Structure formats: C-alpha cells, structure tokens
Amino acid sequence: MGKKIDHITTHLQEFIRQQKIFFVGTAAADGRINISPKGLESLKILNANEILWLNLTGSGNETAAHLLENDRMTIMFCAFEGKPLILRLYGYAVIFHDKDSAFAEYVKMFPHMEGARQIIKMKVDLVQTSCGFGVPIMEFKEERDMLTKFAQQKGEAGIVEYWQDKNVTSIDGKDTKILERSTAGKKK
C-alpha cells in the first residue's frame, strides 16, 4: 500500500498538478503545530526534490514564524477524486520575501496574485504515499475567489496595514519578520 522514496516521481508530479487543495504543516520548537489548507495556483514543482509555494495573505502567518525558527515542513495531498492516494512531501524549507532576489525570480512562475506575501522553497528529502482508502470522494465545483477579491479591494497599502494587524506575529507570539523583510508599502 504505502511507499517511501527519496524524490517526487513523474507520476506523483502529475498527481500533484491535478490536485485543487494541499495542506502545509509546520511547527516551531515549542508552541502550536500549524496545518493550513492551500489552494489556487500556488504550488509549482521545480524538480524531483524541490517545490515552490506562493504564500498568500491570510488571517495568520504561522508558517513564516515557524520556518524562521525550524525549517522542517510537510506538505500533504489527498485524492478526493479518482483513485485513492495520500501523498506527503517531507523536507526543509526556506522563506523568501520581496526584498530577496530569489522572490523576484520565482514569483514569475506564478500568475499574478494580489496579496502574495512570501514564496517558500522546499527541499524534499522523503516522499511517502499511503492508500487513502478512508478519504471521501468529493467533486470539485470551483475555486473560491474571495481571497483574491479581498486583496484587490485592500490594495497594497491596505494589505500592509492588514499584515501589521494580523501577520506580524504567530498565535504563539513568534515574530514573522514580514514587515522588515518586505518592501511592500515602502518607497522604492
């Protein structure tokens, strides 16, 4: 049923591209563990051992705070349609903000999305599959556009203000460094 390998096979890369949702798990040395569902066109495969994830503005910024302290990350995909499968990518991640040269390079790989706050690059060192027999079959209806509309309505200045209110620290009070590592809202 389940397998462990050291890379994302071509078959598993295709499976990832077909998924409409994935889950990101991170944890600092102490405090709460965070698991976040993600969607939209926010994940790209660079090669068999590296992925990119465009982190959009949301109600929290746990991943950023955790990665500054502990670079471990897990990404999980579940087949809700077709053949059952659960796929987990384990590895280590680095976070880039728009002040980082890598951000400018990588952001071009994604469609323009208002409210993009970080890009996370993950080096995958373990890939695990499991049966997924207990995952329900669900039909994809459509993407929600509320997050993109929210960011568009806020505009750049409004997003920076939102970051100040909601994204500067994690729920455990850990710093995300979003304002000091971003040029958003600053004169260029």
# chains A, B, ... in the order shown; residues from 1 in each chain; ligands from 1

$ residues_around --residues "A:Ala65" --least-positions-apart "6" --cutoff "7 Å" --atoms "only C-alpha atoms" --output "CSV table (one decimal) with C-alpha atoms, in the first residue's frame"
chain,number,residue,atom,x,y,z
A,170,SER,CA,2.1,33.9,15.2
A,174,LYS,CA,6.6,34.4,17.5
A,175,ASP,CA,7.8,37.1,15.0
A,176,THR,CA,7.2,36.6,11.3

$ residues_around --residues "A:Gln152" --least-positions-apart "5" --cutoff "12 Å" --atoms "only C-alpha atoms" --output "list in words"
Thr57, His112, Met113, Glu114, Gly115, Ala116, Asp145, Met146, Leu147, Ala157, Gly158 and Ile159 of chain A

$ closest_atom_pairs --of "stretch 62-123 of chain A" --to "stretch 28-41 of chain A" --cutoff "6 Å" --atoms "only C-alpha atoms" --output "tab-separated table"
residue	atom	partner	partner_atom	distance
A:His66	CA	A:Ala28	CA	4.6
A:Glu69	CA	A:Ala28	CA	5.9
A:Asn70	CA	A:Ala28	CA	5.4

$ residues_around --residues "A:Ile16" --least-positions-apart "3" --cutoff "9 Å" --atoms "only C-alpha atoms" --output "number ranges by chain"
A: 11-13, 19-20, 22, 43, 45, 77, 87

$ closest_atom_pairs --of "stretch 79-136 of chain A" --to "stretch 72-75 of chain A" --cutoff "10 Å" --atoms "only C-alpha atoms" --output "tab-separated table"
residue	atom	partner	partner_atom	distance
A:Leu87	CA	A:Ile75	CA	8.2
A:Arg88	CA	A:Ile75	CA	5.6
A:Leu89	CA	A:Ile75	CA	5.1
A:Tyr90	CA	A:Thr74	CA	4.6
A:Gly91	CA	A:Met73	CA	5.6
A:Tyr92	CA	A:Arg72	CA	4.5
A:Ala93	CA	A:Arg72	CA	6.3
A:Val94	CA	A:Arg72	CA	9.2
A:Met122	CA	A:Met73	CA	7.7
A:Lys123	CA	A:Met73	CA	9.3
A:Val124	CA	A:Thr74	CA	8.9
A:Leu126	CA	A:Thr74	CA	9.7
A:Val127	CA	A:Thr74	CA	9.8

$ write_last_selection --atoms "N, CA and C atoms" --output "CSV table (one decimal), in the first residue's frame"
chain,number,residue,atom,x,y,z
A,87,LEU,N,-0.5,11.6,-0.4
A,87,LEU,CA,0.9,11.8,-0.7
A,87,LEU,C,1.4,12.9,0.3
A,88,ARG,N,2.5,12.6,0.9
A,88,ARG,CA,3.2,13.5,1.8
A,88,ARG,C,4.6,13.8,1.3
A,89,LEU,N,5.0,15.1,1.3
A,89,LEU,CA,6.3,15.5,1.0
A,89,LEU,C,6.9,16.0,2.3
A,90,TYR,N,8.0,15.5,2.7
A,90,TYR,CA,8.7,15.9,3.9
A,90,TYR,C,10.0,16.6,3.5
A,91,GLY,N,10.4,17.6,4.2
A,91,GLY,CA,11.6,18.2,3.9
A,91,GLY,C,11.9,19.5,4.7
A,92,TYR,N,12.7,20.3,4.1
A,92,TYR,CA,13.2,21.6,4.7
A,92,TYR,C,12.9,22.7,3.8
A,93,ALA,N,12.5,23.8,4.4
A,93,ALA,CA,12.1,25.0,3.6
A,93,ALA,C,12.8,26.3,4.0
A,94,VAL,N,12.8,27.2,3.0
A,94,VAL,CA,13.3,28.5,3.2
A,94,VAL,C,12.3,29.5,2.7
A,122,MET,N,10.9,24.5,-0.9
A,122,MET,CA,11.0,23.3,0.0
A,122,MET,C,11.9,22.3,-0.8
A,123,LYS,N,12.9,21.8,0.0
A,123,LYS,CA,13.8,20.7,-0.5
A,123,LYS,C,13.2,19.5,0.1
A,124,VAL,N,12.7,18.6,-0.8
A,124,VAL,CA,12.0,17.4,-0.4
A,124,VAL,C,13.1,16.3,-0.2
A,126,LEU,N,12.0,13.2,1.6
A,126,LEU,CA,11.3,12.0,1.7
A,126,LEU,C,9.9,12.2,1.1
A,127,VAL,N,9.5,11.2,0.3
A,127,VAL,CA,8.1,11.2,-0.2
A,127,VAL,C,7.5,9.9,0.2

$ residues_around --residues "A:Thr129" --least-positions-apart "3" --cutoff "7 Å" --atoms "only C-alpha atoms" --output "VMD selection string"
chain A and resid 2 to 4 85 to 88

$ atom_distance --atom1 "atom CA of A:Ala79" --atom2 "atom CA of A:Ala48"
19.9 Å

$ decode --residues "stretch 99-145 of chain A" --atoms "N, CA and C atoms" --output "PDB file, in the first residue's frame"
ATOM      1  N   LYS A  99      12.000  41.447  -0.796  1.00  0.00           N
ATOM      2  CA  LYS A  99      13.341  42.042  -0.726  1.00  0.00           C
ATOM      3  C   LYS A  99      14.410  41.051  -1.196  1.00  0.00           C
ATOM      4  N   ASP A 100      14.097  39.775  -1.188  1.00  0.00           N
ATOM      5  CA  ASP A 100      15.058  38.741  -1.564  1.00  0.00           C
ATOM      6  C   ASP A 100      15.090  38.569  -3.081  1.00  0.00           C
ATOM      7  N   SER A 101      16.280  38.468  -3.664  1.00  0.00           N
ATOM      8  CA  SER A 101      16.394  38.325  -5.120  1.00  0.00           C
ATOM      9  C   SER A 101      15.690  37.065  -5.621  1.00  0.00           C
ATOM     10  N   ALA A 102      15.687  36.016  -4.831  1.00  0.00           N
ATOM     11  CA  ALA A 102      15.014  34.771  -5.240  1.00  0.00           C
ATOM     12  C   ALA A 102      13.511  34.988  -5.418  1.00  0.00           C
ATOM     13  N   PHE A 103      12.925  35.872  -4.628  1.00  0.00           N
ATOM     14  CA  PHE A 103      11.494  36.159  -4.758  1.00  0.00           C
ATOM     15  C   PHE A 103      11.193  36.654  -6.171  1.00  0.00           C
ATOM     16  N   ALA A 104      11.970  37.620  -6.645  1.00  0.00           N
ATOM     17  CA  ALA A 104      11.758  38.177  -7.987  1.00  0.00           C
ATOM     18  C   ALA A 104      11.886  37.104  -9.065  1.00  0.00           C
ATOM     19  N   GLU A 105      12.808  36.193  -8.871  1.00  0.00           N
ATOM     20  CA  GLU A 105      12.999  35.101  -9.832  1.00  0.00           C
ATOM     21  C   GLU A 105      11.808  34.138  -9.818  1.00  0.00           C
ATOM     22  N   TYR A 106      11.384  33.738  -8.623  1.00  0.00           N
ATOM     23  CA  TYR A 106      10.366  32.704  -8.501  1.00  0.00           C
ATOM     24  C   TYR A 106       8.944  33.205  -8.718  1.00  0.00           C
ATOM     25  N   VAL A 107       8.659  34.443  -8.368  1.00  0.00           N
ATOM     26  CA  VAL A 107       7.282  34.930  -8.476  1.00  0.00           C
ATOM     27  C   VAL A 107       6.799  34.923  -9.928  1.00  0.00           C
ATOM     28  N   LYS A 108       7.730  34.997 -10.871  1.00  0.00           N
ATOM     29  CA  LYS A 108       7.373  34.953 -12.297  1.00  0.00           C
ATOM     30  C   LYS A 108       6.758  33.612 -12.700  1.00  0.00           C
ATOM     31  N   MET A 109       6.967  32.589 -11.894  1.00  0.00           N
ATOM     32  CA  MET A 109       6.438  31.261 -12.211  1.00  0.00           C
ATOM     33  C   MET A 109       4.955  31.126 -11.903  1.00  0.00           C
ATOM     34  N   PHE A 110       4.406  32.098 -11.186  1.00  0.00           N
ATOM     35  CA  PHE A 110       3.010  32.053 -10.759  1.00  0.00           C
ATOM     36  C   PHE A 110       2.204  33.124 -11.479  1.00  0.00           C
ATOM     37  N   PRO A 111       0.892  32.902 -11.625  1.00  0.00           N
ATOM     38  CA  PRO A 111       0.071  34.004 -12.130  1.00  0.00           C
ATOM     39  C   PRO A 111       0.093  35.136 -11.101  1.00  0.00           C
ATOM     40  N   HIS A 112      -0.056  36.368 -11.566  1.00  0.00           N
ATOM     41  CA  HIS A 112      -0.075  37.499 -10.634  1.00  0.00           C
ATOM     42  C   HIS A 112      -1.242  37.329  -9.659  1.00  0.00           C
ATOM     43  N   MET A 113      -0.927  37.414  -8.373  1.00  0.00           N
ATOM     44  CA  MET A 113      -1.963  37.325  -7.342  1.00  0.00           C
ATOM     45  C   MET A 113      -1.734  38.434  -6.330  1.00  0.00           C
ATOM     46  N   GLU A 114      -2.732  39.286  -6.179  1.00  0.00           N
ATOM     47  CA  GLU A 114      -2.670  40.334  -5.165  1.00  0.00           C
ATOM     48  C   GLU A 114      -2.515  39.673  -3.798  1.00  0.00           C
ATOM     49  N   GLY A 115      -1.758  40.312  -2.925  1.00  0.00           N
ATOM     50  CA  GLY A 115      -1.608  39.794  -1.572  1.00  0.00           C
ATOM     51  C   GLY A 115      -0.558  38.720  -1.408  1.00  0.00           C
ATOM     52  N   ALA A 116       0.243  38.462  -2.466  1.00  0.00           N
ATOM     53  CA  ALA A 116       1.342  37.495  -2.321  1.00  0.00           C
ATOM     54  C   ALA A 116       2.308  38.053  -1.285  1.00  0.00           C
ATOM     55  N   ARG A 117       2.599  37.287  -0.245  1.00  0.00           N
ATOM     56  CA  ARG A 117       3.449  37.830   0.814  1.00  0.00           C
ATOM     57  C   ARG A 117       4.791  37.129   0.932  1.00  0.00           C
ATOM     58  N   GLN A 118       4.884  35.868   0.555  1.00  0.00           N
ATOM     59  CA  GLN A 118       6.147  35.144   0.624  1.00  0.00           C
ATOM     60  C   GLN A 118       6.141  34.030  -0.421  1.00  0.00           C
ATOM     61  N   ILE A 119       7.330  33.584  -0.753  1.00  0.00           N
ATOM     62  CA  ILE A 119       7.492  32.357  -1.534  1.00  0.00           C
ATOM     63  C   ILE A 119       8.320  31.413  -0.674  1.00  0.00           C
ATOM     64  N   ILE A 120       7.858  30.189  -0.601  1.00  0.00           N
ATOM     65  CA  ILE A 120       8.544  29.182   0.195  1.00  0.00           C
ATOM     66  C   ILE A 120       9.089  28.116  -0.748  1.00  0.00           C
ATOM     67  N   LYS A 121      10.380  27.856  -0.617  1.00  0.00           N
ATOM     68  CA  LYS A 121      11.029  26.821  -1.418  1.00  0.00           C
ATOM     69  C   LYS A 121      11.341  25.660  -0.492  1.00  0.00           C
ATOM     70  N   MET A 122      10.853  24.503  -0.871  1.00  0.00           N
ATOM     71  CA  MET A 122      11.024  23.310  -0.048  1.00  0.00           C
ATOM     72  C   MET A 122      11.923  22.310  -0.755  1.00  0.00           C
ATOM     73  N   LYS A 123      12.926  21.840  -0.037  1.00  0.00           N
ATOM     74  CA  LYS A 123      13.787  20.747  -0.497  1.00  0.00           C
ATOM     75  C   LYS A 123      13.195  19.465   0.081  1.00  0.00           C
ATOM     76  N   VAL A 124      12.710  18.600  -0.770  1.00  0.00           N
ATOM     77  CA  VAL A 124      12.041  17.363  -0.364  1.00  0.00           C
ATOM     78  C   VAL A 124      13.085  16.265  -0.197  1.00  0.00           C
ATOM     79  N   ASP A 125      13.110  15.658   0.998  1.00  0.00           N
ATOM     80  CA  ASP A 125      14.051  14.557   1.217  1.00  0.00           C
ATOM     81  C   ASP A 125      13.367  13.214   1.448  1.00  0.00           C
ATOM     82  N   LEU A 126      12.031  13.243   1.604  1.00  0.00           N
ATOM     83  CA  LEU A 126      11.272  11.999   1.740  1.00  0.00           C
ATOM     84  C   LEU A 126       9.884  12.203   1.142  1.00  0.00           C
ATOM     85  N   VAL A 127       9.484  11.237   0.342  1.00  0.00           N
ATOM     86  CA  VAL A 127       8.148  11.217  -0.248  1.00  0.00           C
ATOM     87  C   VAL A 127       7.480   9.944   0.239  1.00  0.00           C
ATOM     88  N   GLN A 128       6.286  10.098   0.782  1.00  0.00           N
ATOM     89  CA  GLN A 128       5.561   8.935   1.301  1.00  0.00           C
ATOM     90  C   GLN A 128       4.168   8.899   0.692  1.00  0.00           C
ATOM     91  N   THR A 129       3.802   7.736   0.208  1.00  0.00           N
ATOM     92  CA  THR A 129       2.434   7.531  -0.265  1.00  0.00           C
ATOM     93  C   THR A 129       1.736   6.573   0.691  1.00  0.00           C
ATOM     94  N   SER A 130       0.447   6.738   0.809  1.00  0.00           N
ATOM     95  CA  SER A 130      -0.371   5.768   1.553  1.00  0.00           C
ATOM     96  C   SER A 130      -1.694   5.612   0.830  1.00  0.00           C
ATOM     97  N   CYS A 131      -2.467   4.631   1.244  1.00  0.00           N
ATOM     98  CA  CYS A 131      -3.610   4.166   0.458  1.00  0.00           C
ATOM     99  C   CYS A 131      -4.691   5.216   0.230  1.00  0.00           C
ATOM    100  N   GLY A 132      -5.067   5.954   1.226  1.00  0.00           N
ATOM    101  CA  GLY A 132      -6.151   6.912   1.063  1.00  0.00           C
ATOM    102  C   GLY A 132      -7.525   6.283   0.993  1.00  0.00           C
ATOM    103  N   PHE A 133      -7.641   5.031   1.384  1.00  0.00           N
ATOM    104  CA  PHE A 133      -8.920   4.331   1.294  1.00  0.00           C
ATOM    105  C   PHE A 133     -10.004   4.974   2.154  1.00  0.00           C
ATOM    106  N   GLY A 134      -9.627   5.672   3.214  1.00  0.00           N
ATOM    107  CA  GLY A 134     -10.612   6.292   4.096  1.00  0.00           C
ATOM    108  C   GLY A 134     -10.952   7.734   3.738  1.00  0.00           C
ATOM    109  N   VAL A 135     -10.316   8.270   2.682  1.00  0.00           N
ATOM    110  CA  VAL A 135     -10.592   9.644   2.263  1.00  0.00           C
ATOM    111  C   VAL A 135     -11.856   9.644   1.406  1.00  0.00           C
ATOM    112  N   PRO A 136     -12.820  10.519   1.714  1.00  0.00           N
ATOM    113  CA  PRO A 136     -14.063  10.521   0.949  1.00  0.00           C
ATOM    114  C   PRO A 136     -13.866  10.979  -0.493  1.00  0.00           C
ATOM    115  N   ILE A 137     -14.761  10.561  -1.346  1.00  0.00           N
ATOM    116  CA  ILE A 137     -14.790  11.029  -2.730  1.00  0.00           C
ATOM    117  C   ILE A 137     -15.639  12.293  -2.740  1.00  0.00           C
ATOM    118  N   MET A 138     -15.048  13.364  -3.266  1.00  0.00           N
ATOM    119  CA  MET A 138     -15.760  14.635  -3.355  1.00  0.00           C
ATOM    120  C   MET A 138     -15.524  15.219  -4.740  1.00  0.00           C
ATOM    121  N   GLU A 139     -16.486  15.954  -5.225  1.00  0.00           N
ATOM    122  CA  GLU A 139     -16.383  16.553  -6.548  1.00  0.00           C
ATOM    123  C   GLU A 139     -15.986  18.021  -6.417  1.00  0.00           C
ATOM    124  N   PHE A 140     -14.975  18.427  -7.195  1.00  0.00           N
ATOM    125  CA  PHE A 140     -14.550  19.822  -7.216  1.00  0.00           C
ATOM    126  C   PHE A 140     -15.575  20.631  -7.990  1.00  0.00           C
ATOM    127  N   LYS A 141     -16.026  21.711  -7.388  1.00  0.00           N
ATOM    128  CA  LYS A 141     -17.004  22.579  -8.045  1.00  0.00           C
ATOM    129  C   LYS A 141     -16.329  23.789  -8.666  1.00  0.00           C
ATOM    130  N   GLU A 142     -15.606  24.560  -7.862  1.00  0.00           N
ATOM    131  CA  GLU A 142     -14.918  25.735  -8.387  1.00  0.00           C
ATOM    132  C   GLU A 142     -13.992  26.305  -7.317  1.00  0.00           C
ATOM    133  N   GLU A 143     -13.047  27.144  -7.769  1.00  0.00           N
ATOM    134  CA  GLU A 143     -12.184  27.873  -6.843  1.00  0.00           C
ATOM    135  C   GLU A 143     -12.996  28.990  -6.207  1.00  0.00           C
ATOM    136  N   ARG A 144     -12.720  29.293  -4.967  1.00  0.00           N
ATOM    137  CA  ARG A 144     -13.299  30.483  -4.343  1.00  0.00           C
ATOM    138  C   ARG A 144     -12.446  31.678  -4.751  1.00  0.00           C
ATOM    139  N   ASP A 145     -13.085  32.795  -5.010  1.00  0.00           N
ATOM    140  CA  ASP A 145     -12.342  33.991  -5.403  1.00  0.00           C
ATOM    141  C   ASP A 145     -12.302  35.041  -4.293  1.00  0.00           C
TER     142      ASP A 145
END
